[in-house]
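Note: the block below is data_12.cif and it holds mmCIF, C-alpha atoms.
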```cif
data_work
loop_
_atom_site.label_atom_id
_atom_site.label_comp_id
_atom_site.auth_asym_id
_atom_site.auth_seq_id
_atom_site.Cartn_x
_atom_site.Cartn_y
_atom_site.Cartn_z
CA MET A 1395 68.99 83.13 101.12
CA GLY A 1396 71.67 80.65 102.04
CA ARG A 1397 71.53 76.95 101.25
CA THR A 1398 71.44 75.94 104.93
CA ASP A 1399 68.47 78.18 105.69
CA ALA A 1400 66.61 76.87 102.66
CA ARG A 1401 67.17 73.28 103.68
CA SER A 1402 66.00 74.01 107.21
CA ARG A 1403 62.82 75.60 105.90
CA TRP A 1404 62.22 72.68 103.54
CA ARG A 1405 62.69 70.15 106.35
CA ALA A 1406 60.36 72.08 108.62
CA GLY A 1407 57.72 72.17 105.89
CA ALA A 1408 58.18 68.48 105.21
CA ALA A 1409 57.73 67.66 108.88
CA ALA A 1410 54.51 69.66 109.00
CA LEU A 1411 53.15 67.83 105.95
CA LEU A 1412 54.22 64.43 107.23
CA ALA A 1413 52.32 65.13 110.43
CA THR A 1414 49.14 65.19 108.35
CA GLY A 1415 50.06 62.08 106.37
CA ILE A 1416 51.31 63.91 103.30
CA VAL A 1417 54.68 63.03 101.76
CA VAL A 1418 56.93 65.72 100.31
CA GLY A 1419 59.36 65.04 97.47
CA PRO A 1420 62.50 66.84 96.26
CA VAL A 1421 62.40 70.41 95.04
CA ALA A 1422 63.46 72.50 92.05
CA VAL A 1423 66.40 74.85 92.49
CA PRO A 1424 67.23 78.15 90.80
CA ALA A 1425 69.38 78.27 87.70
CA ALA A 1426 72.38 80.53 87.56
CA ALA A 1427 71.80 83.66 85.50
CA ASP A 1428 74.91 83.09 83.40
CA GLY A 1429 73.75 83.70 79.86
CA SER A 1430 70.79 82.98 77.64
CA ILE A 1431 68.17 80.81 79.28
CA ARG A 1432 66.69 80.13 75.84
CA GLU A 1433 69.96 78.47 74.81
CA LYS A 1434 69.51 76.02 77.67
CA GLN A 1435 65.98 75.05 76.65
CA TRP A 1436 66.95 71.93 74.72
CA HIS A 1437 63.38 70.70 74.66
CA LEU A 1438 62.31 73.57 72.39
CA ASP A 1439 65.00 72.70 69.89
CA ALA A 1440 64.11 69.01 70.04
CA MET A 1441 60.48 69.88 69.36
CA HIS A 1442 61.42 72.25 66.49
CA ALA A 1443 59.74 75.19 68.18
CA SER A 1444 61.13 77.87 65.86
CA GLU A 1445 59.76 76.01 62.87
CA MET A 1446 56.35 75.51 64.51
CA TRP A 1447 56.06 79.14 65.48
CA LYS A 1448 55.89 80.08 61.79
CA THR A 1449 52.51 78.34 61.77
CA SER A 1450 51.22 78.63 65.32
CA LYS A 1451 52.18 80.15 68.65
CA GLY A 1452 48.94 79.22 70.36
CA GLN A 1453 47.24 82.54 69.62
CA GLY A 1454 43.57 82.74 70.58
CA ILE A 1455 43.77 79.82 73.02
CA THR A 1456 43.33 80.05 76.78
CA VAL A 1457 45.19 77.52 78.92
CA ALA A 1458 44.04 77.30 82.53
CA ILE A 1459 46.69 76.29 85.06
CA VAL A 1460 45.60 74.82 88.39
CA ASP A 1461 48.49 75.35 90.79
CA GLY A 1462 49.71 76.97 93.98
CA GLY A 1463 50.08 80.62 92.95
CA PHE A 1464 51.86 82.67 90.28
CA LYS A 1465 54.39 85.46 89.94
CA LEU A 1466 52.27 87.63 87.68
CA ASP A 1467 54.98 90.22 87.04
CA HIS A 1468 57.80 87.95 85.93
CA PRO A 1469 59.36 89.63 82.85
CA ASP A 1470 58.81 86.50 80.74
CA LEU A 1471 55.15 86.32 81.72
CA ALA A 1472 54.06 89.95 81.91
CA GLY A 1473 50.89 90.35 79.86
CA GLN A 1474 50.31 86.60 79.53
CA PHE A 1475 47.91 86.21 82.46
CA LEU A 1476 44.16 86.68 82.36
CA SER A 1477 42.25 87.55 85.50
CA GLY A 1478 42.19 84.30 87.46
CA LYS A 1479 40.69 83.09 90.71
CA ASP A 1480 41.91 81.85 94.08
CA PHE A 1481 40.27 78.67 95.41
CA SER A 1482 42.90 78.02 98.08
CA GLY A 1483 41.00 79.52 100.98
CA GLY A 1484 44.08 81.56 101.85
CA SER A 1485 44.94 85.22 101.41
CA GLY A 1486 46.83 87.09 98.74
CA GLY A 1487 45.02 85.94 95.61
CA VAL A 1488 46.48 84.19 92.57
CA GLY A 1489 49.50 86.52 92.58
CA SER A 1490 50.73 85.19 95.92
CA TYR A 1491 52.82 82.03 96.24
CA THR A 1492 55.11 80.10 98.52
CA ASP A 1493 56.89 78.23 95.73
CA GLY A 1494 57.62 78.72 92.05
CA HIS A 1495 55.77 75.72 90.67
CA GLY A 1496 52.82 77.56 89.12
CA THR A 1497 55.11 80.18 87.62
CA GLU A 1498 57.27 77.44 86.09
CA MET A 1499 54.25 75.76 84.48
CA ALA A 1500 53.04 79.08 83.06
CA SER A 1501 56.53 79.73 81.69
CA LEU A 1502 56.74 76.34 79.97
CA ILE A 1503 53.40 76.92 78.31
CA ALA A 1504 53.35 80.61 77.41
CA GLY A 1505 56.64 82.29 78.37
CA THR A 1506 57.69 85.06 75.98
CA GLY A 1507 61.41 85.08 76.73
CA ALA A 1508 61.21 88.86 77.00
CA SER A 1509 63.75 89.14 79.81
CA VAL A 1510 67.22 90.49 79.03
CA GLY A 1511 66.54 91.35 75.43
CA GLY A 1512 64.75 88.17 74.48
CA THR A 1513 67.15 85.69 76.08
CA GLY A 1514 64.76 84.57 78.82
CA ALA A 1515 62.59 81.46 79.03
CA TYR A 1516 60.18 80.73 76.23
CA GLY A 1517 57.06 78.64 76.40
CA LEU A 1518 56.10 76.19 73.70
CA ALA A 1519 52.96 78.24 72.93
CA PRO A 1520 54.14 81.81 73.62
CA ALA A 1521 51.02 83.49 72.22
CA ALA A 1522 48.57 81.51 74.36
CA ARG A 1523 47.02 83.19 77.37
CA ILE A 1524 47.13 81.76 80.89
CA LEU A 1525 44.13 81.60 83.22
CA PRO A 1526 45.76 81.29 86.67
CA LEU A 1527 43.72 79.26 89.18
CA LYS A 1528 45.20 78.93 92.64
CA ILE A 1529 44.66 76.00 94.98
CA ASN A 1530 46.35 75.05 98.23
CA ASN A 1531 48.95 72.60 96.92
CA GLY A 1532 50.49 71.97 100.31
CA SER A 1533 53.44 74.31 99.87
CA ALA A 1534 52.17 76.60 102.63
CA THR A 1535 49.75 74.65 104.82
CA ALA A 1536 48.69 71.03 104.44
CA ALA A 1537 45.07 69.95 104.44
CA SER A 1538 42.98 66.92 103.62
CA PRO A 1539 42.93 64.93 100.37
CA SER A 1540 39.20 65.66 100.21
CA ASP A 1541 39.89 69.39 100.07
CA PHE A 1542 42.57 68.82 97.44
CA LEU A 1543 40.13 67.17 95.02
CA ASP A 1544 37.42 69.64 95.90
CA GLN A 1545 39.55 72.64 94.99
CA ILE A 1546 40.65 71.01 91.74
CA GLY A 1547 37.00 70.40 90.89
CA GLN A 1548 36.10 74.02 91.60
CA ALA A 1549 38.98 75.22 89.45
CA VAL A 1550 38.05 72.94 86.55
CA ASN A 1551 34.43 74.14 86.65
CA TYR A 1552 35.57 77.74 86.63
CA ALA A 1553 38.03 77.18 83.78
CA VAL A 1554 35.33 75.61 81.61
CA ASP A 1555 32.93 78.47 82.39
CA GLN A 1556 35.64 80.94 81.31
CA GLY A 1557 36.14 79.20 77.99
CA ALA A 1558 39.54 77.61 78.64
CA LYS A 1559 40.25 75.05 75.92
CA VAL A 1560 43.11 73.38 77.80
CA ILE A 1561 43.31 72.83 81.56
CA ASN A 1562 46.73 71.93 82.97
CA ILE A 1563 46.88 70.20 86.37
CA SER A 1564 50.48 69.42 87.28
CA GLN A 1565 49.34 68.28 90.72
CA GLY A 1566 48.37 64.99 92.34
CA MET A 1567 48.20 62.62 95.28
CA ASP A 1568 48.19 58.82 95.59
CA GLU A 1569 44.82 57.27 94.75
CA ASP A 1570 44.46 55.23 97.93
CA ARG A 1571 44.33 58.39 100.04
CA PHE A 1572 40.96 59.48 98.70
CA ALA A 1573 37.41 58.69 99.76
CA ALA A 1574 35.35 57.08 97.00
CA ALA A 1575 32.73 59.82 97.12
CA ASP A 1576 35.35 62.53 96.53
CA VAL A 1577 36.77 60.65 93.54
CA ALA A 1578 33.30 60.14 92.10
CA LYS A 1579 32.52 63.84 92.43
CA LEU A 1580 35.67 64.91 90.61
CA ASN A 1581 35.08 62.24 87.96
CA GLY A 1582 31.71 63.80 87.25
CA ILE A 1583 33.24 67.25 86.92
CA LEU A 1584 35.98 65.98 84.57
CA ALA A 1585 33.42 64.16 82.41
CA GLN A 1586 31.34 67.29 82.08
CA ALA A 1587 34.40 69.40 81.33
CA ARG A 1588 35.22 67.08 78.43
CA ALA A 1589 31.61 67.14 77.26
CA ARG A 1590 31.68 70.94 77.30
CA GLY A 1591 34.77 71.06 75.11
CA SER A 1592 37.81 71.32 77.37
CA LEU A 1593 40.87 69.05 77.37
CA VAL A 1594 42.30 68.33 80.83
CA VAL A 1595 46.00 67.38 81.01
CA ALA A 1596 47.57 66.16 84.26
CA SER A 1597 50.94 64.81 85.36
CA VAL A 1598 51.04 61.10 86.23
CA GLY A 1599 53.54 61.53 89.08
CA ASN A 1600 57.22 60.99 89.86
CA GLU A 1601 57.21 57.89 92.04
CA ALA A 1602 57.95 55.08 89.58
CA GLN A 1603 60.86 53.99 91.80
CA SER A 1604 58.83 54.30 94.99
CA GLY A 1605 56.07 51.79 94.38
CA ASN A 1606 54.68 53.44 91.24
CA PRO A 1607 51.40 54.49 92.90
CA VAL A 1608 48.61 55.83 90.70
CA SER A 1609 48.19 59.56 91.26
CA TYR A 1610 44.91 61.47 91.07
CA PRO A 1611 43.78 63.36 89.09
CA GLY A 1612 46.37 62.13 86.55
CA GLY A 1613 45.07 58.56 86.78
CA LEU A 1614 41.39 59.38 86.26
CA PRO A 1615 39.23 59.03 83.15
CA ASN A 1616 38.72 62.14 81.00
CA VAL A 1617 42.25 63.25 81.85
CA VAL A 1618 45.23 63.10 79.50
CA GLY A 1619 47.89 61.57 81.74
CA ALA A 1620 51.35 62.91 80.84
CA GLY A 1621 54.60 61.02 81.41
CA ALA A 1622 58.15 62.38 81.08
CA VAL A 1623 61.03 61.46 78.74
CA ASP A 1624 64.70 62.44 78.73
CA HIS A 1625 67.08 63.72 76.04
CA ASP A 1626 67.08 60.27 74.40
CA VAL A 1627 63.27 60.18 74.21
CA VAL A 1628 63.19 57.43 76.83
CA ALA A 1629 60.87 57.51 79.82
CA THR A 1630 62.65 58.96 82.85
CA SER A 1631 63.26 56.64 85.79
CA GLU A 1632 60.88 58.64 88.00
CA SER A 1633 57.97 58.92 85.54
CA GLU A 1634 55.17 56.67 86.73
CA GLN A 1635 53.94 53.88 84.49
CA GLY A 1636 50.59 52.33 83.67
CA PRO A 1637 47.55 52.58 81.40
CA GLN A 1638 46.90 56.07 82.78
CA VAL A 1639 49.82 57.36 80.67
CA ILE A 1640 48.31 58.71 77.45
CA LEU A 1641 51.14 60.85 76.06
CA ALA A 1642 54.67 61.84 77.04
CA ALA A 1643 56.85 64.94 76.64
CA PRO A 1644 60.30 66.16 77.74
CA GLY A 1645 60.74 66.18 81.51
CA MET A 1646 64.48 66.29 82.17
CA ASP A 1647 66.83 69.29 82.56
CA ILE A 1648 64.01 71.73 81.86
CA PHE A 1649 64.69 75.45 82.26
CA ALA A 1650 61.82 77.81 82.99
CA ALA A 1651 60.96 81.07 84.70
CA CYS A 1652 60.35 80.82 88.44
CA VAL A 1653 60.40 82.92 91.61
CA ALA A 1654 64.08 82.39 92.53
CA ASP A 1655 66.40 85.38 92.87
CA THR A 1656 67.89 84.53 89.49
CA GLY A 1657 64.40 84.38 87.95
CA TYR A 1658 64.94 80.89 86.51
CA CYS A 1659 64.94 77.26 87.65
CA LYS A 1660 66.15 73.96 86.29
CA SER A 1661 63.92 70.99 87.02
CA HIS A 1662 62.68 67.60 85.95
CA GLY A 1663 59.43 65.71 86.38
CA THR A 1664 56.07 64.89 84.89
CA SER A 1665 54.81 68.37 85.83
CA ASP A 1666 57.02 69.77 83.09
CA ALA A 1667 55.83 67.09 80.66
CA ALA A 1668 52.17 67.87 81.38
CA ALA A 1669 52.80 71.56 80.70
CA LEU A 1670 54.39 70.74 77.33
CA VAL A 1671 51.52 68.42 76.37
CA SER A 1672 49.11 71.24 77.28
CA ALA A 1673 51.07 73.70 75.15
CA SER A 1674 51.10 71.23 72.25
CA ALA A 1675 47.31 71.06 72.37
CA ALA A 1676 47.15 74.86 72.35
CA LEU A 1677 49.35 75.04 69.25
CA VAL A 1678 47.11 72.65 67.32
CA TRP A 1679 43.85 74.13 68.56
CA SER A 1680 44.97 77.61 67.57
CA VAL A 1681 45.06 76.54 63.91
CA HIS A 1682 41.97 74.31 64.03
CA LYS A 1683 39.60 76.24 66.25
CA ASP A 1684 36.58 74.26 65.04
CA TRP A 1685 38.01 70.98 66.29
CA THR A 1686 36.76 69.36 69.48
CA ALA A 1687 38.87 68.15 72.37
CA ASN A 1688 38.53 64.60 71.01
CA GLN A 1689 39.89 65.66 67.63
CA VAL A 1690 42.81 67.63 69.04
CA LEU A 1691 43.76 64.69 71.26
CA ARG A 1692 43.36 62.21 68.40
CA VAL A 1693 45.75 64.19 66.21
CA LEU A 1694 48.28 64.50 69.03
CA ILE A 1695 48.10 60.73 69.52
CA ASN A 1696 48.27 59.90 65.81
CA THR A 1697 51.29 62.14 65.21
CA ALA A 1698 53.21 61.22 68.37
CA SER A 1699 56.58 59.50 68.17
CA LYS A 1700 55.56 55.90 68.77
CA PRO A 1701 56.95 53.69 71.54
CA THR A 1702 60.34 52.23 70.66
CA ASP A 1703 59.15 48.70 71.40
CA GLY A 1704 56.96 48.80 68.29
CA SER A 1705 53.67 48.73 70.19
CA VAL A 1706 50.71 51.01 69.58
CA ARG A 1707 51.12 52.15 73.16
CA ASN A 1708 52.90 51.02 76.29
CA ASN A 1709 52.82 51.88 79.95
CA ASP A 1710 55.99 54.00 79.81
CA VAL A 1711 55.10 56.69 77.25
CA GLY A 1712 51.48 55.88 76.42
CA TYR A 1713 50.77 56.42 72.74
CA GLY A 1714 54.11 58.14 72.34
CA VAL A 1715 55.91 61.45 72.69
CA VAL A 1716 54.03 64.50 71.44
CA ARG A 1717 55.25 66.02 68.17
CA PRO A 1718 53.21 69.19 67.66
CA ARG A 1719 55.34 70.08 64.62
CA VAL A 1720 54.03 66.99 62.82
CA ALA A 1721 50.52 67.62 64.14
CA LEU A 1722 50.64 71.06 62.52
CA THR A 1723 52.21 70.09 59.21
CA ASP A 1724 50.57 66.70 58.65
CA PRO A 1725 47.66 66.28 61.07
CA GLY A 1726 45.77 63.68 59.06
CA ASP A 1727 42.12 62.93 59.71
CA PRO A 1728 41.02 64.33 63.06
CA GLY A 1729 38.21 61.76 63.15
CA PRO A 1730 34.76 62.08 64.70
CA ALA A 1731 34.15 65.06 66.91
CA ASP A 1732 32.20 63.21 69.57
CA VAL A 1733 34.26 60.01 69.95
CA SER A 1734 37.21 59.76 72.31
CA PRO A 1735 40.44 58.46 70.74
CA VAL A 1736 41.22 56.62 73.97
CA PRO A 1737 39.84 53.03 73.91
CA ALA A 1738 36.86 51.94 75.95
CA ALA A 1739 39.28 50.31 78.41
CA ASP A 1740 39.43 53.81 79.89
CA PRO A 1741 35.75 54.19 80.91
CA VAL A 1742 33.89 57.44 81.34
CA PRO A 1743 32.16 57.33 84.73
CA ALA A 1744 28.72 58.66 85.47
CA ALA A 1745 28.68 61.79 87.58
CA SER A 1746 27.84 61.24 91.22
CA PRO A 1747 24.61 62.82 92.48
CA SER A 1748 26.59 65.61 94.16
CA ALA A 1749 28.63 66.59 91.07
CA SER A 1750 27.66 69.61 89.05
CA ALA A 1751 29.77 71.31 86.40
CA GLY A 1752 28.11 74.61 87.06
CA SER A 1753 28.08 74.53 90.84
CA PRO A 1754 31.52 74.66 92.47
CA ALA A 1755 31.86 72.93 95.82
CA PRO A 1756 32.69 74.97 98.94
CA ALA A 1757 36.15 76.48 99.18
CA ALA A 1758 38.79 74.30 100.84
CA SER A 1759 42.51 73.71 101.10
CA ALA A 1760 44.59 70.99 99.55
CA SER A 1761 47.66 68.83 99.27
CA VAL A 1762 50.98 68.31 97.54
CA PRO A 1763 51.55 68.49 93.76
CA ALA A 1764 52.36 65.33 91.88
CA GLY A 1765 54.76 65.46 89.00
CA SER A 1766 56.47 68.56 90.30
CA PRO A 1767 60.09 69.24 89.40
CA SER A 1768 62.92 67.60 91.33
CA ALA A 1769 66.12 69.34 92.34
CA VAL A 1770 69.35 69.46 90.39
CA ALA A 1771 71.86 72.00 91.67
CA VAL A 1772 73.20 74.33 88.98
CA GLY A 1773 75.53 76.57 90.89
CA ALA A 1774 73.23 79.24 92.28
CA PRO A 1775 72.31 79.62 95.95
CA THR A 1776 69.21 77.70 96.93
CA VAL A 1777 66.17 79.84 97.71
CA ALA A 1778 62.75 79.01 99.07
CA ALA A 1779 61.78 75.49 98.05
CA SER A 1780 59.58 74.83 95.05
CA SER A 1781 56.67 72.45 95.34
CA GLY A 1782 57.25 68.81 96.12
CA SER A 1783 56.55 65.72 94.10
CA SER A 1784 53.65 63.37 94.30
CA GLY A 1785 52.18 63.34 97.78
CA SER A 1786 49.88 61.13 99.78
CA GLY A 1787 47.41 61.73 102.56
CA GLY A 1788 45.28 59.82 105.03
CA VAL A 1789 42.36 57.68 103.87
CA LEU A 1790 39.03 59.38 104.41
CA PRO A 1791 35.73 57.66 105.20
CA VAL A 1792 33.22 57.14 102.40
CA VAL A 1793 30.31 59.52 102.56
CA GLY A 1794 27.13 59.13 100.60
CA GLY A 1795 23.50 60.07 100.30
CA GLY A 1796 21.76 56.74 100.74
CA ALA A 1797 22.00 53.39 99.02
CA ALA A 1798 21.63 54.77 95.49
CA GLY A 1799 24.47 57.22 95.99
CA LEU A 1800 26.75 54.51 97.33
CA VAL A 1801 26.03 52.31 94.32
CA VAL A 1802 27.08 55.11 91.95
CA VAL A 1803 30.22 55.79 93.98
CA ALA A 1804 31.17 52.12 94.06
CA ALA A 1805 30.65 51.76 90.31
CA VAL A 1806 32.88 54.72 89.54
CA VAL A 1807 35.67 53.51 91.80
CA VAL A 1808 35.54 50.05 90.24
CA LEU A 1809 35.80 51.57 86.76
CA VAL A 1810 38.73 53.78 87.73
CA ARG A 1811 40.63 50.93 89.35
CA ARG A 1812 39.88 48.71 86.34
CA ARG A 1813 41.42 51.38 84.15
CA ARG A 1814 44.62 51.20 86.20
CA ARG A 1815 44.85 47.45 85.74
CA ALA A 1816 43.71 47.17 82.13
CA ALA A 1817 46.12 46.43 79.33
CA ALA A 1818 45.91 48.84 76.45
#
```

Show this structure as structure tokens.
Amino acid sequence: MGRTDARSRWRAGAAALLATGIVVGPVAVPAAADGSIREKQWHLDAMHASEMWKTSKGQGITVAIVDGGFKLDHPDLAGQFLSGKDFSGGSGGVGSYTDGHGTEMASLIAGTGASVGGTGAYGLAPAARILPLKINNGSATAASPSDFLDQIGQAVNYAVDQGAKVINISQGMDEDRFAAADVAKLNGILAQARARGSLVVASVGNEAQSGNPVSYPGGLPNVVGAGAVDHDVVATSESEQGPQVILAAPGMDIFAACVADTGYCKSHGTSDAAALVSASAALVWSVHKDWTANQVLRVLINTASKPTDGSVRNNDVGYGVVRPRVALTDPGDPGPADVSPVPAADPVPAASPSASAGSPAPAASASVPAGSPSAVAVGAPTVAASSGSSGSGGVLPVVGGGAAGLVVVAAVVVLVRRRRRAAA
């Protein structure tokens, strides 16, 4: 497909989303198939992947990915997918897609590099298995912010029920677009997911230079908010900042499998970083299967490359840049199994009366992914656009079930907003 046609389609899609109050960001573009993709994956070399793989490749760990569809037969991902589920309300199942975002996240986590004699794209945890969970991320048809959170909640519930240790959500929308009741409901689901043993990792968004809005779910409690760094281990200019950033990972010039004609895309963004944090957790959990989510996260925090300003944490990279190699070779004391390593400044909200970890909400459609890759042309023709960056939708009215329900909702929202403002 020609570049002009692709741009026209992107603009038409953007106009449709803007009509519903949703903002679309830049897109990822395909990489030229001009040699080994693995040679271009600088982040794997920087993270000493080959050395880590002697100890762990993530075997025995299921990573659920909540995204907009997946190319199940990509050569670098064949055999890596478990039977997933479609919560999007559309047709085609998890193996249908209108962009390559979900495929890219799966590639960064568990790609095998099998294409062209082993020169394709590798994931950081190539022996992990992917549980693909499809939501409507706005790449096909836009819908309400309420539906966006509802589908994420359904997917998280399902992932926990299926035994996924890590849940990757490289999606998001600005916090002020959501009704308090919807936020409270998802908070309850996330709290129960953590209590049942799963670690949820989400991108914090790519709008640091556009007001730096907090993105949900990446800015919520019980989520590991992931920021992005560049080749120099410095936070990228687009990576959003704040106390919601827990860890950081590479998110610049990232090559991965996608649905382009070439089979590969080059991108940047906190989506990529969230995928690499998720894969890092899988690597550690594979070796220490008796550890809890709190212990895995504590070790990732303790072994991270600390902020360059000498602080314990800052709002750019959180507690630092993940170093799974160090976490595997010198993990230290994982600490108590039932205590979160994140300070009490990040409160755990009570579930709203309508939240239930075992009872998914009705199917719905959703919005635009946060932290999705942004475009950098690399010489190949542009094809259908990948998913956009952090989006925003219209504010919805608060709904509740009486005075008691409204009190719970208000308390949760206050706690979440306090988290955003709190100093670490």

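The neighbours of Asn1688 in chain A here are the residues that come within 10 Å of it, using all atoms listed in the file and leaving out any residue fewer than 6 positions away in the same chain; they are Arg1588, Ala1589, Gly1591, Ser1592, Leu1593, Leu1694, Pro1728, Gly1729, Pro1730, Ala1731, Asp1732, Val1733, Ser1734, Pro1735 and Val1736 of chain A.
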
Output of the PyMOL selection byres ((chain A and resi 1564) around 9), listed as number ranges by chain: A: 1459-1461, 1495-1496, 1499, 1562-1563, 1565-1566, 1595-1599, 1612, 1664-1669, 1763-1766

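Among the candidates A:Ser1430, A:Ser1444, A:Ser1450, A:Gln1545, the residue lying nearest to Ala1675 in chain A is A:Ser1450 (atoms considered: all atoms listed in the file).
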
Rank nothing, just name the residue among A:Asp1570, A:Asp1541, A:Asp1710, A:Asp1467 nearest to Phe1481 in chain A, using all atoms listed in the file. A:Asp1541

Applied to this file, what does the PyMOL selection byres ((chain A and resi 1717) around 7) return in terms of residues, put as a list in words? Met1441, Thr1697, Ala1698, Ser1699, Val1715, Val1716, Pro1718, Arg1719, Val1720 and Ala1721 of chain A

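If you look at CA of Glu1433 in chain A and CA of Lys1700 in chain A, they are 27.4 Å away from each other.
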